[in-house]
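Since the structure comes first, as structure tokens, the remarks are kept for the end.
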Amino acid sequence: MAVAEINLDTLKDSDVESPWVIVGRRFVRHKLALVGLTIVAIFILLAIFAGLLAPYDPLKQNLGPAWANPSAEHLLGLDALGRDVFSRLLYAARISLTVTIVVNLITEVVGTVLGAVSGYFGGWVDSLIQRIVDIILALPTLPLLLFFSAILREIEVPGLPKEWSSAFIIIVILSSLGWTGATRLVRAQVLSLREQDFAQASRALGVGNWDIIRRHMIPNSLAPIIVNATLGLGGVIVLEAALSFLGFGIQPPIPTWGNMLQGVQERLFLNPWLAFYPGLCIFLVTLSFNYIGDALRDALDPRLKH
Amino acid sequence: MAQQTKTIPQSTGTAPHSGSNSETASKSLLQVRDLRTFFPIRAGVLQRVVAHVKAVNGVSFEVFEGETLGLVGESGCGKTTIGRTILRLQQATDGKVFFDGEDIFAASPTRMKQLRKDMQIVFQDPYSSLDPRMPVGESIAEGLLVHGTHSGKARNDLVQETLQKVGLNPYHARRYPHEFSGGQRQRIGIARALILRPRFIVADEPVSALDVSIQSQVLNLLRDLQHEFGLTYLFIAHNLSVVEHISDRVGVMYLGKMVELAPRREFFSNPLHPYSQALMSAIPIPDPRIKRDRIILTGDVPSPINPPPGCHFHPRCPIATDICREVDPEFREVSPGHLVACHLA
């Protein structure tokens with residue numbers, strides 16, 4: 001029998017639009033987010049090709065011309081130990097961006113899985129996970145991070161070069177406390193999703209709980225998670241910078257944007273660029289992530305059409 | 001108060017399934033025995049159970065193979081809960097459900113999964129019943145995937161064939177739910193239920209959310225599919241006209257109980273329960289010149305948390321007597337195939 005609701009012949013197979021295509025179209029309407037995306041892309045390229053682009057060894061000390069002003073040879077000048085600031089900035093982008101992105105990947109994945117399990121199954125599983133979340137959220141983050149870092153930072157991870165070993169420890173510390181937000185978010189989504197008729201339909205078809213979580217709960221919770229992750233990227237970069245600035249993050253001489261700010265306070269008026277450029281990097285990347293996150297939030301909002 | 005004639009019929013001799021499918025309707029496919037589904041209400045710091053919402057409170061009936069049993073009642077009377085409890089989407093508090101002679105509440109998880117191939121459901125809301133992030137072809141194929149009955153190519157072919165069976169085009173499989181109208185989504189929901197070739201389908205108000213013009217299309221589709229695949233329906237609705245159109249027998253629910261169950265013609269010509277009579281008098285007649293006595297029920301439906309003693313309907317019943325206030329009426333057969341729970345019927 002024929003369907004009279006719409007003329008089916010006018011619809012071509014090629015018109016199929018997945019929800020993600022629509023999201024993409026809405027996203028590109030945010031100009032600031034596109035600028036942000038470009039900035040982030042540039043920083044990522046700089047970080048990847050730091051080895052080629054950096055004019056000097058970032059660790060090489062040259063005590064004679066320490067604190068030298070920017071010049072043609074040293075674009076951004078030299079720091080207290082006579083190291084080239086521009087080269088250090090490029091290498092720092094590697095560590096800082098890697099830590100940020102990896103921490104976010106881990107926290108969002110762990111948070112999504114725990115949140116989905118917590119919301120879907122409910123009962124004691126939910127209580128257990130949520131009480132752990134409560135406890136972590138009730139702890140003062142910064143002192144705790146300092147505490148962990150003080151204990152763990154000397155550990156060398158076998159098989160990793162020195163700078164990545166230190167980054168690994170920071171990733172572990174930041175990840176272990178960072179998954180709570182995503183968990184709460186996904187749990188709230190799943191609490192309402194699991195009661196929807198399409199979840200009931202899957203149950204009626206005999207689909208197992210884990211498959212329902214994997215096929216229906218998580219894909220439908222992705223929108224807020226993507227927004228949360230993007231906005232979280234900025235947060236982690238600042239947090240890592242704060243830890244490193246306080247001397248509890250990645251240890252000198254390995255450069256990160258955070259620890260490059262360390263020890264330059266007293267020269268703030270004589271050599272302001274030493275604080276300015278790492279700060280600018282942190283600022284630009286954080287701001288860019290935030291704009292991207294805002295645009296994604298709008299683009300993924302199901303209440304907006306087209 | 002207006003009161004319709006209330007004569008107990010001289011044994012009309014109507015078979016329990018006198019509808020359009022009487023040739024196939026023979027044996028009982030589904031038996032529901034004294035089914036109860038209560039929802040606990042928790043309160044306080046310790047989340048103790050302080051009361052229960054008695055959504056389904058002792059309902060018994062059976063559905064014959066090949067027939068459509070229409071289940072009507074107002075919002076909150078428990079008709080949807082019955083459908084979901086039968087499919088074990090909702091945990092029953094008490095009672096038994098037999099499908100083809102098998103106690104499904106006693107079935108192991110493995111056995112239950114097999115049984116699900118035979119029992120499916122079509123939902124009321126065509127919007128929330130499809131996963132918005134999944135192409136509809138995948139939603140429809142999910143049943144095949146889970147049961148591993150068809151592989152790759154065969155699965156696709158069957159999805160496309162089923163789409164055609166419900167009046168859609170094969171290429172629709174790749175589209176997402178937001179690209180379809182309500183009526184089309186309902187067809188997709190039917191395709192999903194149909195693909196495992198079930199014997200029994202709970203149709204939970206499948207047309208209530210649709211425009212009137214689309215309702216008849218979907219109803220006719222359901223009827224065509226019933227003929228083609230020999231389906232048995234438990235058709236839940238709150239619209240008596242729809243039920244009259246599609247059902248072979250009609251059951252009326254009120255506050256968690258079934259108050260009347262009769263073959264369609266018998267029910268519409270001779271409703272015995274005062275509640276059924278009131279419902280019947282509310283069906284609009286498409287002719288403004290015809291006047292009739294409406295039975296207007298006073299008051300509201302009592303809370304299913306604390307239903308009234310005796311007959312649940314007595315606070316609103318125009319003819320209630322003392323016995324109604326004290327004794328819960330038995331659901332008894334007053335003429336062949338016509339059951340009613342009323343002391344006075």
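The chains in the structure tokens are called A, B, ... from first to last as shown; in each chain the residues are counted from 1, and the ligands are counted from 1 in the order shown.
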Exercise for review: Name the residues of region 177-339 of chain B that fall into helix (DSSP H, G or I) according to DSSP on the backbone, using the chain letters and numbers of this document, as a ChimeraX atom specification.
Suggested key: /B:177-179,182-194,212-229,240-246,264-269,274-281,314-316,322-326
Review point. Can you list, as a list in words, every protein, DNA or RNA residue that comes within 10 Å of Ile86 (chain B) when you count only C-alpha atoms, leaving out same-chain residues fewer than 6 positions away?
Key: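 Counting only C-alpha atoms, the residues come to Leu30, Gln31, Val32, Leu35, Ala92, Lys96, Val97, Phe98, Phe99, Ile104, Phe105, Met119 and Val202 of chain B.
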May I have the selected residues written with C-alpha atoms, as an mmCIF file, in the first residue's frame?
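Output below, filename out.cif:
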```
data_model
loop_
_atom_site.group_PDB
_atom_site.id
_atom_site.type_symbol
_atom_site.label_atom_id
_atom_site.label_comp_id
_atom_site.auth_asym_id
_atom_site.auth_seq_id
_atom_site.Cartn_x
_atom_site.Cartn_y
_atom_site.Cartn_z
ATOM 1 C CA LEU B 30 -2.151 -15.597 25.844
ATOM 2 C CA GLN B 31 -3.583 -16.045 29.289
ATOM 3 C CA VAL B 32 -3.286 -13.425 31.973
ATOM 4 C CA LEU B 35 -2.035 -9.969 37.216
ATOM 5 C CA ALA B 92 4.897 -7.965 37.788
ATOM 6 C CA LYS B 96 0.918 -15.190 35.973
ATOM 7 C CA VAL B 97 1.064 -14.769 32.233
ATOM 8 C CA PHE B 98 1.027 -17.793 29.950
ATOM 9 C CA PHE B 99 2.072 -17.462 26.332
ATOM 10 C CA ILE B 104 6.657 -16.422 30.885
ATOM 11 C CA PHE B 105 7.400 -15.021 34.335
ATOM 12 C CA MET B 119 5.986 -11.156 21.387
ATOM 13 C CA VAL B 202 1.023 -5.394 22.016
#
```
**Study point:** Contact set, chain B to chain A: 9 Å, only C-alpha atoms, as a PyMOL selection string
**Key:** chain B and resi 87-89+112-117+119-135+139+142-147+164-169+171-172+174-176+178-179+181+183-184+189+192-193+196+214+217+221
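Within 12 Å of His30 (chain A), once only C-alpha atoms are used and residues closer than 6 positions along the same chain are dropped, the contacting residues are Val23, Gly24, Gly36, Leu37, Tyr291, Ile292, Gly293, Asp294, Ala295, Leu296, Arg297, Asp298 and Ala299 of chain A.
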C-alpha atoms of the current selection, written as a PDB file, in the first residue's frame:
```pdb
ATOM      1  CA  VAL A  23      25.689  19.621  13.582  1.00  0.00           C
ATOM      2  CA  GLY A  24      28.633  20.380  11.338  1.00  0.00           C
ATOM      3  CA  GLY A  36      39.439  29.162  17.631  1.00  0.00           C
ATOM      4  CA  LEU A  37      39.654  25.982  15.607  1.00  0.00           C
ATOM      5  CA  TYR A 291      34.705  29.191  21.763  1.00  0.00           C
ATOM      6  CA  ILE A 292      34.750  25.798  20.080  1.00  0.00           C
ATOM      7  CA  GLY A 293      32.865  24.378  23.038  1.00  0.00           C
ATOM      8  CA  ASP A 294      30.271  27.137  22.916  1.00  0.00           C
ATOM      9  CA  ALA A 295      29.717  26.606  19.209  1.00  0.00           C
ATOM     10  CA  LEU A 296      29.426  22.851  19.699  1.00  0.00           C
ATOM     11  CA  ARG A 297      26.918  23.385  22.458  1.00  0.00           C
ATOM     12  CA  ASP A 298      24.752  25.448  20.144  1.00  0.00           C
ATOM     13  CA  ALA A 299      25.256  23.100  17.222  1.00  0.00           C
TER      14      ALA A 299
END
```
Check your understanding: Do you know which residues are at most 12 Å from region 53-59 of chain B counting only C-alpha atoms, after dropping those on the same chain fewer than 5 positions away, and could you put them as a count of residues only?
Key -> 56
Point to revise | Long-range neighbours of region 284-291 of chain B as a ChimeraX atom specification, 12 Å cut-off, only C-alpha atoms, 2 positions minimum in chain | key: /B:239-241,279-282,293-294
Can those selected residues be exported to a file as a CSV table (one decimal), in the first residue's frame so that it contains C-alpha atoms?
```csv
chain,number,residue,atom,x,y,z
B,239,ASN,CA,-10.7,5.9,21.8
B,240,LEU,CA,-13.8,3.7,21.5
B,241,SER,CA,-14.3,4.4,17.8
B,279,LEU,CA,-18.0,5.7,28.0
B,280,MET,CA,-20.3,4.6,25.3
B,281,SER,CA,-22.6,7.6,25.7
B,282,ALA,CA,-19.5,9.8,25.3
B,293,ASP,CA,-28.9,11.0,27.0
B,294,ARG,CA,-25.3,11.5,28.1
```
